[in-house]
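**Q** Before we start, here is the structure in question, set down as structure tokens.
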Amino acid sequence: MKDRGMGRVVGICGRSGSGKTTVCRAFEELGAKSIDTDRVYRDLTCADDDGMPSECVRMIAKEFGGKVIASDGSLNRAYLARIVFGDKEKLSLLNSITHKRIMERTEAMIFEYLRMGTTCVLVDAPALFESGFDKKCDAVVCVTAPEDTLVRRIVARDGITPEQAMRRLASQIPDEELRARADFVFLNDGESPIGKQAEMILGEILDGE
């Protein structure tokens, strides 16, 4: 564990549909705080108070063209997604712009939580390992569920077909690899007790085991 006094920073990873948000809420009920890096990204790509594109959006537009800027000055995420989907080179370029800024904002939020005396800060980062943020964490928790459960949740949440959900999952880091790289595995299959798992894992993390 990294020496942060009593405070611990925990990375949360898991494939789409694993229920990372639900798991974070379970930890929050035990006194932890959580940061959703996707929400951080949305905040960074909103228009400013004058309706002008943020610095992050301007940098993205410089590389991908002005059409990535929506009429309200925010990032047109749907349009950008169509550009980078399936193109590793373009996705890597986008990540080189966004990951650094997301990490800087996230680190500032972590520091503020720890300064307030929070004992554990969770970081829900879809690209935890890709961004390198796992190296800044004291521990990593992998949230997992059976494949059919993931597909069912994605379909219900996003209104897409099972085939589209399976393609999305196929583009992500395999569950086996996430498990192997994590310090703890949290089973969120809809049957295993969420609160009990959160209490046990949090206890081990705070004890420094």
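Going through the structure tokens in order, the chains are called A, B, and so on, while each chain numbers its residues from 1 and the ligands are numbered from 1 in the order shown.
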Among region 7-131 of chain A, which ones does DSSP assign to alpha helix (DSSP H) (computed from the backbone)? Answer as a PDB file with C-alpha atoms, in the first residue's frame.
**A**
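Final output, saved to part-v3.pdb:
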ATOM      1  CA  LYS A  20     -19.523  -0.791 -10.784  1.00  0.00           C
ATOM      2  CA  THR A  21     -21.831   2.064  -9.782  1.00  0.00           C
ATOM      3  CA  THR A  22     -23.902  -0.260  -7.586  1.00  0.00           C
ATOM      4  CA  VAL A  23     -20.758  -1.567  -5.925  1.00  0.00           C
ATOM      5  CA  CYS A  24     -19.457   1.969  -5.327  1.00  0.00           C
ATOM      6  CA  ARG A  25     -22.732   2.818  -3.578  1.00  0.00           C
ATOM      7  CA  ALA A  26     -22.244  -0.161  -1.272  1.00  0.00           C
ATOM      8  CA  PHE A  27     -18.814   1.158  -0.288  1.00  0.00           C
ATOM      9  CA  GLU A  28     -20.240   4.661   0.141  1.00  0.00           C
ATOM     10  CA  THR A  37     -14.170   9.338 -14.133  1.00  0.00           C
ATOM     11  CA  ASP A  38     -16.754   9.233 -16.909  1.00  0.00           C
ATOM     12  CA  ARG A  39     -18.588  12.009 -15.077  1.00  0.00           C
ATOM     13  CA  VAL A  40     -15.276  13.856 -14.723  1.00  0.00           C
ATOM     14  CA  TYR A  41     -14.876  13.532 -18.511  1.00  0.00           C
ATOM     15  CA  ARG A  42     -18.372  14.917 -19.075  1.00  0.00           C
ATOM     16  CA  ASP A  43     -17.591  17.871 -16.802  1.00  0.00           C
ATOM     17  CA  LEU A  44     -14.339  18.551 -18.653  1.00  0.00           C
ATOM     18  CA  GLU A  55      -9.973  23.768 -23.295  1.00  0.00           C
ATOM     19  CA  CYS A  56     -10.315  19.989 -23.516  1.00  0.00           C
ATOM     20  CA  VAL A  57     -12.958  20.198 -26.271  1.00  0.00           C
ATOM     21  CA  ARG A  58     -10.834  22.684 -28.216  1.00  0.00           C
ATOM     22  CA  MET A  59      -7.887  20.288 -28.104  1.00  0.00           C
ATOM     23  CA  ILE A  60     -10.079  17.435 -29.336  1.00  0.00           C
ATOM     24  CA  ALA A  61     -11.493  19.615 -32.127  1.00  0.00           C
ATOM     25  CA  LYS A  62      -7.971  20.561 -33.196  1.00  0.00           C
ATOM     26  CA  GLU A  63      -7.274  16.891 -33.935  1.00  0.00           C
ATOM     27  CA  PHE A  64     -10.689  15.633 -35.065  1.00  0.00           C
ATOM     28  CA  ARG A  77     -19.666  12.530 -27.870  1.00  0.00           C
ATOM     29  CA  ALA A  78     -21.845  10.491 -30.220  1.00  0.00           C
ATOM     30  CA  TYR A  79     -20.173  11.984 -33.302  1.00  0.00           C
ATOM     31  CA  LEU A  80     -16.697  11.506 -31.812  1.00  0.00           C
ATOM     32  CA  ALA A  81     -17.495   7.914 -30.882  1.00  0.00           C
ATOM     33  CA  ARG A  82     -18.308   7.140 -34.519  1.00  0.00           C
ATOM     34  CA  ILE A  83     -14.924   8.530 -35.564  1.00  0.00           C
ATOM     35  CA  VAL A  84     -12.799   6.522 -33.109  1.00  0.00           C
ATOM     36  CA  LYS A  88      -7.090   2.075 -32.549  1.00  0.00           C
ATOM     37  CA  GLU A  89      -4.877   4.865 -33.850  1.00  0.00           C
ATOM     38  CA  LYS A  90      -7.588   7.514 -33.532  1.00  0.00           C
ATOM     39  CA  LEU A  91      -8.689   6.159 -30.164  1.00  0.00           C
ATOM     40  CA  SER A  92      -5.104   6.328 -28.933  1.00  0.00           C
ATOM     41  CA  LEU A  93      -4.890   9.944 -30.109  1.00  0.00           C
ATOM     42  CA  LEU A  94      -8.100  10.808 -28.278  1.00  0.00           C
ATOM     43  CA  ASN A  95      -6.878   9.102 -25.116  1.00  0.00           C
ATOM     44  CA  SER A  96      -3.607  11.028 -25.262  1.00  0.00           C
ATOM     45  CA  ILE A  97      -5.672  14.223 -25.024  1.00  0.00           C
ATOM     46  CA  THR A  98      -8.254  13.177 -22.455  1.00  0.00           C
ATOM     47  CA  HIS A  99      -6.571  10.747 -20.040  1.00  0.00           C
ATOM     48  CA  LYS A 100      -4.059  13.277 -18.709  1.00  0.00           C
ATOM     49  CA  ARG A 101      -6.764  15.857 -18.036  1.00  0.00           C
ATOM     50  CA  ILE A 102      -9.125  13.333 -16.457  1.00  0.00           C
ATOM     51  CA  MET A 103      -6.343  12.060 -14.189  1.00  0.00           C
ATOM     52  CA  GLU A 104      -5.364  15.579 -13.112  1.00  0.00           C
ATOM     53  CA  ARG A 105      -8.958  16.464 -12.196  1.00  0.00           C
ATOM     54  CA  THR A 106      -9.447  13.101 -10.462  1.00  0.00           C
ATOM     55  CA  GLU A 107      -6.258  13.497  -8.433  1.00  0.00           C
ATOM     56  CA  ALA A 108      -7.397  16.938  -7.292  1.00  0.00           C
ATOM     57  CA  MET A 109     -10.714  15.456  -6.140  1.00  0.00           C
ATOM     58  CA  ILE A 110      -8.915  12.609  -4.348  1.00  0.00           C
ATOM     59  CA  PHE A 111      -6.657  15.065  -2.550  1.00  0.00           C
ATOM     60  CA  GLU A 112      -9.657  17.095  -1.400  1.00  0.00           C
ATOM     61  CA  TYR A 113     -11.481  14.015  -0.080  1.00  0.00           C
ATOM     62  CA  LEU A 114      -8.384  12.837   1.804  1.00  0.00           C
ATOM     63  CA  ARG A 115      -7.816  16.334   3.173  1.00  0.00           C
TER      64      ARG A 115
END
**Q** Could you check the closest approach to Arg15 (chain A) for each of A:Ala182, A:Leu206, A:Leu169, A:Val68 and tell me which residue wins, using only C-alpha atoms?
**A** A:Leu169
**Q** Counting only C-alpha atoms, which residues of region 9-127 of chain A fall within 7 Å of region 141-165 of chain A, and what is the closest atom pair for each with its distance in Å at one decimal, ordered by chain and rising number, as JSON lines?
**A**
{"residue": "A:Gly11", "atom": "CA", "partner": "A:Val141", "partner_atom": "CA", "distance": 6.2}
{"residue": "A:Ile12", "atom": "CA", "partner": "A:Val141", "partner_atom": "CA", "distance": 5.0}
{"residue": "A:Cys13", "atom": "CA", "partner": "A:Cys142", "partner_atom": "CA", "distance": 4.9}
{"residue": "A:Gly14", "atom": "CA", "partner": "A:Val143", "partner_atom": "CA", "distance": 4.8}
{"residue": "A:Ser16", "atom": "CA", "partner": "A:Leu150", "partner_atom": "CA", "distance": 6.8}
{"residue": "A:Gly17", "atom": "CA", "partner": "A:Leu150", "partner_atom": "CA", "distance": 4.6}
{"residue": "A:Ser18", "atom": "CA", "partner": "A:Thr144", "partner_atom": "CA", "distance": 5.4}
{"residue": "A:Lys20", "atom": "CA", "partner": "A:Val143", "partner_atom": "CA", "distance": 6.2}
**Q** For the strand (DSSP E or B) assignment from backbone DSSP, which residues of chain A qualify? Please present them as a count of residues only.
**A** 29
**Q** Would you compute the distance between CA of Val123 (chain A) and CA of Val9 (chain A)? Give it in Å to one decimal.
**A**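 Distance reported for this atom pair: 7.3 Å.
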**Q** Return the single residue from A:Asp183, A:Asp175, A:Asp36, A:Glu199 that is closest to Leu122 (chain A), with distances computed using only C-alpha atoms.
**A**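 Residue with the minimum atom-to-atom distance to Leu122 (chain A): A:Asp36.
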**Q** Of the residues A:Pro193, A:Asp48, A:Arg168, A:Thr119, which is the one nearest to Phe85 (chain A), using only C-alpha atoms?
**A** A:Arg168
**Q** Using only C-alpha atoms, which residue out of A:Ser71, A:Asp49, A:Ala125, A:Val140 lies closest to Arg181 (chain A)?
**A**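 Looking only at the distances to Arg181 (chain A), the closest residue turns out to be A:Val140.
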**Q** Between A:Ile35, A:Val10, A:Leu75, A:Ile173, single out the one closest to Ala127 (chain A), counting only C-alpha atoms.
**A**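 Nearest to Ala127 (chain A): A:Ile173.
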